[in-house]
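So this one's query.csv, CSV, C-alpha atoms:
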chain,number,residue,atom,x,y,z
A,22,MET,CA,141.3,53.6,97.0
A,23,MET,CA,138.4,53.9,94.6
A,24,LYS,CA,135.9,52.5,97.2
A,25,LEU,CA,137.2,55.1,99.7
A,26,LEU,CA,136.8,57.9,97.2
A,27,CYS,CA,133.3,56.7,96.3
A,28,GLY,CA,132.4,56.5,100.0
A,29,PHE,CA,133.8,60.0,100.7
A,30,THR,CA,131.9,61.4,97.7
A,31,LEU,CA,128.7,59.7,98.9
A,32,LEU,CA,129.1,61.1,102.5
A,33,LEU,CA,129.8,64.6,101.1
A,34,ALA,CA,126.7,64.5,98.9
A,35,VAL,CA,124.6,63.4,101.8
A,36,ALA,CA,126.0,66.2,104.0
A,37,VAL,CA,125.4,68.8,101.3
A,38,ALA,CA,121.8,67.5,100.7
A,39,TYR,CA,121.2,67.6,104.5
A,40,TYR,CA,122.4,71.2,104.7
A,41,ILE,CA,120.3,72.3,101.7
A,42,TYR,CA,117.1,70.5,102.4
A,43,ILE,CA,114.5,72.2,104.6
A,44,PRO,CA,110.8,71.3,104.7
A,45,LEU,CA,108.7,73.9,102.8
A,46,PRO,CA,105.0,74.4,102.6
A,47,ARG,CA,103.7,72.5,99.6
A,48,GLU,CA,102.1,75.6,98.1
A,49,ILE,CA,105.6,77.1,97.4
A,50,PRO,CA,106.6,76.3,93.8
A,51,GLU,CA,110.1,75.5,92.6
A,52,GLN,CA,111.1,74.3,96.1
A,53,TRP,CA,114.6,73.0,95.4
A,54,LYS,CA,115.5,76.3,93.7
A,55,LEU,CA,114.5,78.1,96.9
A,56,MET,CA,116.3,75.6,99.1
A,57,VAL,CA,119.6,76.1,97.2
A,58,LEU,CA,119.1,79.9,97.3
A,59,ASP,CA,118.4,79.7,101.1
A,60,ALA,CA,121.4,77.4,101.7
A,61,THR,CA,123.7,79.8,99.9
A,62,PHE,CA,122.4,82.8,101.9
A,63,ARG,CA,122.7,80.9,105.2
A,64,GLY,CA,126.3,80.1,104.3
A,65,VAL,CA,127.1,83.7,103.5
A,66,VAL,CA,125.5,84.8,106.8
A,67,SER,CA,127.6,82.2,108.7
A,68,MET,CA,130.7,83.5,107.0
A,69,GLY,CA,129.8,87.0,108.1
A,70,ASP,CA,129.3,85.9,111.6
A,71,VAL,CA,132.6,84.1,111.7
A,72,ALA,CA,134.4,87.2,110.3
A,73,HIS,CA,132.6,89.3,112.9
A,74,SER,CA,133.5,87.1,115.8
A,75,LEU,CA,137.2,87.1,114.7
A,76,GLY,CA,137.2,90.9,114.5
A,77,LEU,CA,138.0,90.9,110.8
A,78,SER,CA,134.9,92.7,109.6
A,79,HIS,CA,131.3,93.5,110.5
A,80,SER,CA,129.1,90.6,109.5
A,81,VAL,CA,126.8,92.9,107.5
A,82,HIS,CA,129.7,94.2,105.4
A,83,VAL,CA,130.7,90.6,104.6
A,84,ILE,CA,127.1,89.7,103.6
A,85,ASN,CA,126.7,92.8,101.5
A,86,SER,CA,130.0,92.2,99.7
A,87,ALA,CA,128.8,88.8,98.7
A,88,ILE,CA,125.4,90.2,97.5
A,89,VAL,CA,127.2,92.9,95.5
A,90,SER,CA,129.5,90.4,93.9
A,91,PHE,CA,126.5,88.2,92.9
A,92,GLU,CA,124.4,91.2,91.6
A,93,SER,CA,127.3,92.4,89.5
A,94,LEU,CA,127.0,89.2,87.4
A,95,VAL,CA,123.4,90.0,86.4
A,96,PRO,CA,123.3,91.3,82.9
A,97,ILE,CA,121.8,94.7,82.2
A,98,THR,CA,118.3,94.6,80.8
A,99,ASN,CA,116.2,97.2,78.9
A,100,GLN,CA,119.4,98.9,77.8
A,101,GLU,CA,117.5,101.6,76.0
A,102,ILE,CA,116.7,103.1,79.4
A,103,GLN,CA,119.2,105.8,80.3
A,104,ALA,CA,120.5,105.9,83.9
A,105,GLU,CA,121.9,109.0,85.6
A,106,ASP,CA,123.6,108.9,89.0
A,107,ILE,CA,123.0,112.2,90.8
A,108,LEU,CA,122.5,113.8,94.2
A,109,PHE,CA,119.1,114.9,95.4
A,110,ASP,CA,119.7,117.3,98.3
A,111,GLY,CA,122.9,115.4,99.2
A,112,VAL,CA,121.3,112.0,98.9
A,113,HIS,CA,122.6,109.6,96.2
A,114,VAL,CA,120.0,108.5,93.7
A,115,ARG,CA,119.8,107.0,90.2
A,116,VAL,CA,117.3,108.4,87.7
A,117,TYR,CA,116.1,106.2,84.9
A,118,HIS,CA,114.9,108.0,81.8
A,119,PRO,CA,112.8,106.3,79.1
A,120,PRO,CA,113.7,107.1,75.5
A,121,GLY,CA,111.5,109.6,73.5
A,122,ARG,CA,110.6,113.2,73.6
A,123,LYS,CA,111.1,115.2,76.8
A,124,GLU,CA,108.3,117.5,75.9
A,125,LYS,CA,105.7,115.0,76.9
A,126,LEU,CA,104.9,114.8,80.6
A,127,ARG,CA,105.5,111.4,82.1
A,128,ARG,CA,104.6,109.5,85.2
A,129,ALA,CA,107.2,108.9,87.8
A,130,VAL,CA,108.0,106.3,90.5
A,131,MET,CA,110.3,106.8,93.4
A,132,PHE,CA,111.6,103.3,94.4
A,133,ILE,CA,113.2,102.5,97.7
A,134,HIS,CA,115.1,99.2,98.0
A,135,GLY,CA,114.9,96.6,100.7
A,136,GLY,CA,117.5,94.5,102.5
A,137,GLY,CA,116.8,95.1,106.2
A,138,TRP,CA,118.0,98.7,106.1
A,139,ALA,CA,121.5,97.1,105.8
A,140,LEU,CA,121.9,95.1,102.6
A,141,GLY,CA,121.3,95.6,98.9
A,142,ALA,CA,122.8,97.0,95.7
A,143,PRO,CA,120.1,99.3,94.3
A,144,LYS,CA,122.1,100.2,91.2
A,145,LEU,CA,123.0,96.5,90.3
A,146,GLY,CA,121.3,93.3,89.5
A,147,SER,CA,117.7,92.6,90.3
A,148,TYR,CA,116.9,96.1,91.6
A,149,ASP,CA,118.4,97.7,88.5
A,150,SER,CA,116.5,95.3,86.3
A,151,LEU,CA,113.2,96.1,88.2
A,152,CYS,CA,113.7,99.8,87.9
A,153,ARG,CA,114.5,99.6,84.2
A,154,LEU,CA,111.4,97.4,83.7
A,155,MET,CA,109.2,99.9,85.4
A,156,ALA,CA,110.6,102.7,83.4
A,157,ALA,CA,110.1,100.8,80.1
A,158,ASP,CA,106.7,99.3,80.8
A,159,LEU,CA,105.2,102.5,82.3
A,160,ASP,CA,107.1,105.0,80.1
A,161,ALA,CA,108.0,106.6,83.4
A,162,VAL,CA,110.9,108.3,85.1
A,163,VAL,CA,112.0,106.1,87.9
A,164,VAL,CA,114.2,107.3,90.8
A,165,THR,CA,115.9,104.8,93.1
A,166,VAL,CA,117.2,106.0,96.4
A,167,ASP,CA,120.7,104.8,97.3
A,168,TYR,CA,120.4,105.7,101.0
A,169,ARG,CA,123.2,104.9,103.4
A,170,MET,CA,122.8,101.6,105.4
A,171,ALA,CA,123.5,100.0,108.7
A,172,PRO,CA,125.9,99.4,110.3
A,173,ASP,CA,127.5,102.6,109.0
A,174,VAL,CA,124.4,104.6,109.9
A,175,HIS,CA,121.2,103.8,111.9
A,176,PHE,CA,117.7,105.1,112.3
A,177,PRO,CA,116.6,107.7,111.6
A,178,VAL,CA,119.3,108.3,108.9
A,179,GLN,CA,117.8,105.9,106.4
A,180,TYR,CA,114.4,107.4,106.9
A,181,GLU,CA,115.6,111.0,106.7
A,182,GLU,CA,117.6,110.5,103.6
A,183,CYS,CA,114.6,109.0,101.8
A,184,VAL,CA,112.4,111.9,103.0
A,185,GLN,CA,115.1,114.4,101.7
A,186,ALA,CA,115.2,112.7,98.3
A,187,ALA,CA,111.4,112.6,98.1
A,188,LYS,CA,111.0,116.3,99.0
A,189,HIS,CA,113.6,117.3,96.5
A,190,PHE,CA,112.1,115.2,93.7
A,191,LEU,CA,108.6,116.6,94.4
A,192,LYS,CA,109.7,120.2,93.9
A,193,PRO,CA,107.8,121.6,90.9
A,194,GLU,CA,111.0,122.8,89.3
A,195,VAL,CA,112.7,119.4,89.6
A,196,LEU,CA,109.7,117.5,88.2
A,197,ALA,CA,109.7,120.0,85.4
A,198,LYS,CA,113.3,119.3,84.7
A,199,TYR,CA,112.5,115.6,84.2
A,200,SER,CA,109.2,116.3,82.4
A,201,VAL,CA,107.2,114.6,85.1
A,202,ASP,CA,103.5,115.2,85.6
A,203,PRO,CA,103.2,116.4,89.2
A,204,GLU,CA,99.7,114.7,89.5
A,205,ARG,CA,101.2,111.3,88.6
A,206,VAL,CA,104.0,110.4,91.0
A,207,ALA,CA,104.1,107.2,93.1
A,208,VAL,CA,106.4,105.9,95.9
A,209,CYS,CA,107.3,102.3,96.0
A,210,GLY,CA,109.5,99.9,98.1
A,211,ASP,CA,110.0,96.3,99.0
A,212,SER,CA,110.5,94.8,102.5
A,213,ALA,CA,112.5,97.4,104.5
A,214,GLY,CA,112.1,99.7,101.4
A,215,GLY,CA,108.4,99.2,101.8
A,216,ASN,CA,108.8,100.4,105.4
A,217,LEU,CA,110.6,103.5,104.2
A,218,ALA,CA,108.1,104.1,101.4
A,219,ALA,CA,105.2,103.9,103.8
A,220,ALA,CA,106.9,106.2,106.3
A,221,VAL,CA,107.9,108.7,103.5
A,222,ALA,CA,104.3,108.6,102.2
A,223,GLN,CA,103.0,109.5,105.7
A,224,ARG,CA,105.5,112.3,106.1
A,225,ILE,CA,104.8,113.8,102.7
A,226,GLY,CA,101.0,113.5,103.3
A,227,ILE,CA,101.1,115.7,106.4
A,228,ASP,CA,103.9,118.1,105.3
A,229,ASN,CA,102.4,121.5,104.5
A,230,SER,CA,105.7,122.6,102.9
A,231,THR,CA,105.3,120.1,100.1
A,232,SER,CA,102.8,121.2,97.5
A,233,VAL,CA,103.1,118.1,95.4
A,234,LYS,CA,102.0,114.9,97.0
A,235,PHE,CA,102.4,111.2,96.0
A,236,LYS,CA,99.4,109.9,94.1
A,237,LEU,CA,100.0,106.3,95.0
A,238,GLN,CA,102.1,104.1,97.4
A,239,VAL,CA,103.1,100.6,96.4
A,240,LEU,CA,104.3,98.5,99.4
A,241,ILE,CA,105.8,95.1,98.5
A,242,TYR,CA,105.8,92.7,101.5
A,243,PRO,CA,106.6,95.7,103.8
A,244,VAL,CA,108.0,95.4,107.4
A,245,LEU,CA,106.0,97.8,109.5
A,246,GLN,CA,106.3,97.0,113.2
A,247,ALA,CA,108.7,95.5,115.7
A,248,LEU,CA,106.4,95.2,118.7
A,249,ASP,CA,104.9,91.7,117.9
A,250,PHE,CA,107.2,89.0,116.6
A,251,ASN,CA,104.4,86.4,117.2
A,252,THR,CA,101.7,87.5,114.8
A,253,ALA,CA,99.9,84.7,113.1
A,254,SER,CA,102.3,84.9,110.1
A,255,TYR,CA,105.4,85.0,112.4
A,256,GLN,CA,104.2,81.9,114.1
A,257,GLN,CA,103.3,80.2,110.9
A,258,ASN,CA,106.4,81.1,108.9
A,259,HIS,CA,109.1,81.6,111.5
A,260,ASN,CA,111.3,79.0,109.7
A,261,VAL,CA,110.3,79.6,106.1
A,262,PRO,CA,113.1,81.1,104.0
A,263,ILE,CA,114.6,83.4,103.3
A,264,LEU,CA,113.4,85.8,106.0
A,265,TYR,CA,113.4,83.8,109.2
A,266,ARG,CA,112.0,85.4,112.4
A,267,ARG,CA,115.4,85.5,114.0
A,268,LEU,CA,116.9,87.3,111.0
A,269,MET,CA,114.1,89.9,111.0
A,270,ALA,CA,114.7,90.5,114.7
A,271,ARG,CA,118.4,90.9,114.0
A,272,PHE,CA,117.7,93.4,111.2
A,273,TRP,CA,115.5,95.5,113.5
A,274,LEU,CA,118.1,95.7,116.3
A,275,GLU,CA,120.8,96.7,113.8
A,276,TYR,CA,118.6,99.4,112.3
A,277,LEU,CA,117.7,100.9,115.6
A,278,ASP,CA,121.3,100.6,116.9
A,279,ALA,CA,120.2,98.4,119.8
A,280,ASP,CA,121.9,95.6,121.7
A,281,PRO,CA,122.0,92.5,119.5
A,282,ASP,CA,121.6,90.4,122.6
A,283,LEU,CA,118.0,91.6,122.8
A,284,LYS,CA,117.1,89.3,119.9
A,285,HIS,CA,115.7,86.4,121.9
A,286,SER,CA,113.8,88.7,124.3
A,287,ILE,CA,112.0,90.6,121.5
A,288,MET,CA,111.3,87.3,119.6
A,289,MET,CA,109.5,86.2,122.8
A,290,ASN,CA,107.7,89.6,123.0
A,291,LYS,CA,109.3,90.4,126.3
A,292,HIS,CA,109.3,94.1,125.3
A,293,THR,CA,105.5,94.1,124.8
A,294,ALA,CA,104.4,92.0,127.8
A,295,GLN,CA,101.1,92.8,129.4
A,296,ASP,CA,102.7,94.8,132.2
A,297,GLN,CA,104.2,97.3,129.7
A,298,SER,CA,102.4,100.6,130.3
A,299,LEU,CA,104.2,102.4,127.5
A,300,LEU,CA,102.2,100.3,125.0
A,301,SER,CA,98.8,101.4,126.1
A,302,LEU,CA,98.2,103.7,123.1
A,303,ASN,CA,99.6,101.3,120.5
A,304,ARG,CA,98.1,97.9,121.3
A,305,SER,CA,95.0,98.4,119.2
A,306,LYS,CA,97.1,99.5,116.2
A,307,LEU,CA,98.6,96.0,115.9
A,308,ASN,CA,95.8,93.9,117.4
A,309,TRP,CA,95.8,91.3,114.6
A,310,THR,CA,92.9,89.3,116.1
A,311,ASN,CA,90.8,92.3,115.1
A,312,LEU,CA,92.6,93.5,112.0
A,313,LEU,CA,93.3,90.3,110.1
A,314,PRO,CA,90.7,88.1,108.3
A,315,LYS,CA,89.9,84.9,110.1
A,316,ARG,CA,91.2,82.8,107.2
A,317,VAL,CA,94.8,83.8,108.0
A,318,ILE,CA,94.5,83.8,111.7
A,319,LYS,CA,93.6,80.1,111.7
A,320,ASP,CA,94.2,78.7,115.2
A,321,TYR,CA,97.0,81.0,116.1
A,322,LYS,CA,96.8,82.9,119.4
A,323,PRO,CA,98.5,86.1,120.6
A,324,VAL,CA,101.7,85.7,122.6
A,325,PHE,CA,102.2,88.4,125.2
A,326,PRO,CA,103.8,87.3,128.5
A,327,LEU,CA,102.3,88.6,131.7
A,328,THR,CA,105.6,90.1,132.7
A,329,GLY,CA,108.4,91.3,130.5
A,330,SER,CA,111.5,93.4,130.3
A,331,PRO,CA,110.5,97.1,130.8
A,332,ASN,CA,114.0,98.4,130.0
A,333,ILE,CA,113.8,97.4,126.3
A,334,LEU,CA,111.2,100.1,125.3
A,335,LYS,CA,113.1,102.7,127.5
A,336,ASP,CA,116.4,101.8,126.0
A,337,VAL,CA,115.1,101.5,122.4
A,338,PRO,CA,112.4,104.2,122.2
A,339,ALA,CA,112.4,104.0,118.4
A,340,LEU,CA,110.4,100.8,118.7
A,341,LEU,CA,107.4,103.1,119.4
A,342,ASP,CA,108.3,105.7,116.7
A,343,SER,CA,106.0,105.6,113.7
A,344,ARG,CA,108.8,106.9,111.5
A,345,ALA,CA,110.5,103.5,112.1
A,346,ALA,CA,107.2,101.5,112.5
A,347,PRO,CA,104.6,103.1,110.1
A,348,LEU,CA,101.9,100.7,111.4
A,349,LEU,CA,101.9,102.8,114.6
A,350,ALA,CA,100.9,106.0,112.9
A,351,SER,CA,97.8,107.8,114.1
A,352,ASP,CA,94.5,107.7,112.3
A,353,GLU,CA,94.9,111.4,111.5
A,354,VAL,CA,98.2,110.7,109.7
A,355,LEU,CA,96.8,107.7,107.8
A,356,ARG,CA,93.9,109.7,106.5
A,357,MET,CA,96.4,111.9,104.6
A,358,ALA,CA,98.2,108.9,103.0
A,359,PRO,CA,97.9,108.2,99.3
A,360,ARG,CA,96.0,105.3,97.7
A,361,ALA,CA,97.8,102.1,98.4
A,362,TYR,CA,98.7,98.8,96.7
A,363,ILE,CA,100.1,96.3,99.3
A,364,LEU,CA,101.6,93.0,98.1
A,365,THR,CA,101.7,90.1,100.7
A,366,GLY,CA,102.8,86.5,100.5
A,367,GLU,CA,101.2,83.7,102.5
A,368,HIS,CA,104.5,82.2,103.4
A,369,ASP,CA,106.2,85.4,104.7
A,370,VAL,CA,106.7,86.4,108.3
A,371,LEU,CA,105.7,89.9,107.3
A,372,ARG,CA,102.4,88.9,105.7
A,373,ASP,CA,100.4,90.3,108.7
A,374,ASP,CA,102.3,93.5,108.8
A,375,GLY,CA,101.1,94.3,105.3
A,376,MET,CA,97.5,93.0,106.0
A,377,MET,CA,97.2,95.0,109.2
A,378,TYR,CA,98.4,98.1,107.5
A,379,ALA,CA,96.0,97.6,104.7
A,380,ARG,CA,93.1,97.3,107.1
A,381,ARG,CA,94.1,100.3,109.1
A,382,LEU,CA,94.4,102.4,106.0
A,383,GLU,CA,90.9,101.2,104.9
A,384,LEU,CA,89.5,102.2,108.3
A,385,ALA,CA,91.1,105.6,107.9
A,386,GLY,CA,89.3,106.0,104.5
A,387,VAL,CA,92.2,105.3,102.2
A,388,SER,CA,91.6,103.1,99.1
A,389,VAL,CA,93.7,99.9,99.3
A,390,THR,CA,94.4,97.0,97.1
A,391,ASN,CA,95.8,94.0,99.0
A,392,ASP,CA,97.3,91.7,96.4
A,393,HIS,CA,97.9,88.4,98.2
A,394,TYR,CA,99.8,85.5,96.8
A,395,GLU,CA,99.0,82.1,98.3
A,396,ASP,CA,102.3,80.8,96.9
A,397,GLY,CA,104.3,83.9,97.8
A,398,PHE,CA,107.3,84.1,100.0
A,399,HIS,CA,109.6,86.9,101.1
A,400,GLY,CA,111.9,88.3,98.4
A,401,CYS,CA,110.0,86.7,95.5
A,402,VAL,CA,109.9,90.0,93.5
A,403,SER,CA,113.7,90.3,93.6
A,404,PHE,CA,114.0,86.7,92.5
A,405,ALA,CA,111.9,87.2,89.4
A,406,PHE,CA,115.0,88.1,87.4
A,407,TRP,CA,118.1,86.3,86.1
A,408,PRO,CA,119.3,83.7,87.1
A,409,LEU,CA,116.4,82.6,89.4
A,410,HIS,CA,113.2,83.5,87.5
A,411,PHE,CA,110.8,82.3,90.2
A,412,SER,CA,107.4,82.0,88.7
A,413,VAL,CA,105.5,83.7,91.6
A,414,GLY,CA,108.0,86.6,91.4
A,415,ILE,CA,107.4,87.1,87.7
A,416,ARG,CA,103.6,87.1,88.3
A,417,ALA,CA,104.0,89.6,91.2
A,418,VAL,CA,106.2,92.0,89.2
A,419,HIS,CA,103.8,91.9,86.3
A,420,ASN,CA,100.7,92.4,88.4
A,421,TYR,CA,102.0,95.4,90.5
A,422,ILE,CA,103.4,97.1,87.4
A,423,ALA,CA,100.0,96.6,85.7
A,424,TRP,CA,98.3,98.1,88.8
A,425,LEU,CA,100.6,101.1,88.5
A,426,ASP,CA,99.9,101.4,84.8
A,427,GLU,CA,96.2,101.5,85.4
A,428,HIS,CA,96.1,103.8,88.4
A,429,LEU,CA,99.1,106.1,88.0
Written form, structure tokens:
Amino acid sequence: MMKLLCGFTLLLAVAVAYYIYIPLPREIPEQWKLMVLDATFRGVVSMGDVAHSLGLSHSVHVINSAIVSFESLVPITNQEIQAEDILFDGVHVRVYHPPGRKEKLRRAVMFIHGGGWALGAPKLGSYDSLCRLMAADLDAVVVTVDYRMAPDVHFPVQYEECVQAAKHFLKPEVLAKYSVDPERVAVCGDSAGGNLAAAVAQRIGIDNSTSVKFKLQVLIYPVLQALDFNTASYQQNHNVPILYRRLMARFWLEYLDADPDLKHSIMMNKHTAQDQSLLSLNRSKLNWTNLLPKRVIKDYKPVFPLTGSPNILKDVPALLDSRAAPLLASDEVLRMAPRAYILTGEHDVLRDDGMMYARRLELAGVSVTNDHYEDGFHGCVSFAFWPLHFSVGIRAVHNYIAWLDEHL
């Protein structure tokens, strides 16, 4: 009996180790920690898919419930920062106030959370810790936007709610209420939140009805386009956790309310094949062979089939909409965008999205800081806090807040 129990335990341990282990680039630190995190997330995604297939719940709701449950365990940090939940023009936001006199004008940061436009708990856990840290270290008012998410709503709702909240906050009378200096307001976001932050910065930049503009934009490993799922970074990192290429394609299709069965087609760039005439005006905007430095291109080559699936762009026109894909904005729009800080990670499928946008902004005359982490991976900023404390995330958080402190 004891031998049988030992044998079963050994087999179970081997099976668990096999499920957890994935080969990772040697530059990524704390590899086993990342493997365990990734295995946990893959397990939750699988549970969501099973629940969805059985008709019990939408897979995204299952995944988000697990995320909220975990984030609820994270202790509140910087408790001296006051938090106020309020509506900005009908949009739910949380406003973080530093202690001290209100007579003094402060800086402000509007933060937009990531999570593939579908996941995340902006008022809990790591995002709450991040916003409290920004408020404390910058002595700034921080507003986090709790926009509605997929699958309950789809593009352009997330974008429009962030624009609504931004325009409301930038009203002189609202800034005065929170004792904010109108010359010192930034917009910031990570991943899908970086997408929304970039799109909001573009909109505010060209909006003549908004007298106050953002001084800075901070984009943390932003997702900025869905026309090329075979950039050099997608090819290099398609199986690097936690954001796999297949998962990013899935997030895009959910956000744009498109057929999920298109996932494999867009991953093969069937929607942007060489025979797609609808792309003629946009190809140069994401030509990474021209926009990226050679050190990151390495030996990777563009992947655009000769013939593709013309109905995809017709059925999902938002793929060509710069409100959804800010990398596709015109040069005229980019010229009006604020100074930018763009954080990228070498081992992230979205690395090239951020780098291409940095280059396009530079070509449009916008000052850009591209802070690149050779050991960086997607999500590392969120994983800087309890209980994970990834070293690269801690460095990234410190550096981008220091940049804000210097330039805002």
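Proximity ranking of A:Ala247, A:Leu58, A:Ala417, A:Leu277 relative to A:Ala139 places A:Leu277 first, based on only C-alpha atoms.
Residues within 8 Å of stretch 44-56 of chain A, counting all atoms listed in the file and excluding same-chain residues fewer than 6 positions away, are Val261, Pro262, His368, Glu395, Asp396, Gly397, Phe398, Leu409, Phe411, Ser412 and Val413 of chain A.
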Please report the interatomic distance between atom CA of A:Lys319 and atom CA of A:Ala350 in Å with one decimal. 26.9 Å
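Distance annotation: of A:Glu383, A:Ala161, A:His259, A:Ala294, the residue with the minimal separation from A:Thr328 is A:Ala294; atom set is all atoms listed in the file.
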At a cut-off of 10 Å, using only C-alpha atoms, what residues contact A:Arg416? Leave out same-chain residues fewer than 3 positions from it and give the result as an MDAnalysis selection string. chainID A and resid 394 401:402 405 411:413 419:421
With distances taken over all atoms listed in the file, which of A:Asn260, A:Ser403, A:Thr390, A:Ser78 is nearest to A:Leu151? A:Ser403
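Straight-line separation from atom CA of A:Gly111 to atom CA of A:Ile133: 16.2 Å.
Taking all atoms listed in the file into account, A:Arg381 lies nearest to A:Trp309 out of the set A:Trp309, A:Phe190, A:Phe404, A:Trp138.
Atom CA of A:Lys315 is positioned 11.8 Å from atom CA of A:Met376.
Compared by their closest atoms to A:Val337, and using only C-alpha atoms, the residues A:Val71, A:Val178, A:Met289, A:Leu274 rank with A:Leu274 nearest.
If all atoms listed in the file are the atoms counted, then among A:Leu334, A:Leu364, A:Leu140, A:Leu245 the closest residue to A:Ala279 is A:Leu334.
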Which neighbours of A:Arg356 fall inside 8 Å, counting all atoms listed in the file, when residues of the same chain fewer than 4 positions from it are skipped, and could you give them as a PyMOL selection string? chain A and resi 352+382+385-387
What's around A:Ala187 at 9 Å? Count only C-alpha atoms, leave out sequence neighbours fewer than 6 positions away in its own chain, and write the answer as an NGL selection string. :A and (109 or 131 or 166 or 208 or 221 or 225)
Taking all atoms of stretch 311-323 of chain A that the file lists, what box with edges along x, y and z, padded by 4 Å per side, do you get, with centre and edge lengths in Å to one decimal, as lines of an AutoDock Vina configuration file?
center_x = 94.2
center_y = 86.1
center_z = 113.9
size_x = 16.6
size_y = 22.8
size_z = 21.4
Counting only C-alpha atoms, note down every residue that has an atom within 10 Å of the point (112.1, 109.1, 93.5) (file coordinates), as a PyMOL selection string. chain A and resi 109+114-117+129-133+162-166+183-184+186-191+206-209
Can you tell me, as a compact mmCIF listing (two decimals) with C-alpha atoms, in the frame of the given file, what residues are no more than 12 Å from A:Tyr265 when counting only C-alpha atoms, ignoring any on the same chain fewer than 3 positions away?
# COMPACT_ATOMS: atom_id res chain seq x y z
CA ASP A 59 118.40 79.70 101.10
CA PHE A 62 122.40 82.80 101.90
CA ARG A 63 122.70 80.90 105.20
CA PHE A 250 107.20 89.00 116.60
CA SER A 254 102.30 84.90 110.10
CA TYR A 255 105.40 85.00 112.40
CA GLN A 256 104.20 81.90 114.10
CA GLN A 257 103.30 80.20 110.90
CA ASN A 258 106.40 81.10 108.90
CA HIS A 259 109.10 81.60 111.50
CA ASN A 260 111.30 79.00 109.70
CA VAL A 261 110.30 79.60 106.10
CA PRO A 262 113.10 81.10 104.00
CA LEU A 268 116.90 87.30 111.00
CA MET A 269 114.10 89.90 111.00
CA ALA A 270 114.70 90.50 114.70
CA ARG A 271 118.40 90.90 114.00
CA PHE A 272 117.70 93.40 111.20
CA MET A 288 111.30 87.30 119.60
CA HIS A 368 104.50 82.20 103.40
CA ASP A 369 106.20 85.40 104.70
CA VAL A 370 106.70 86.40 108.30
CA LEU A 371 105.70 89.90 107.30
CA PHE A 398 107.30 84.10 100.00
CA HIS A 399 109.60 86.90 101.10
CA GLY A 400 111.90 88.30 98.40
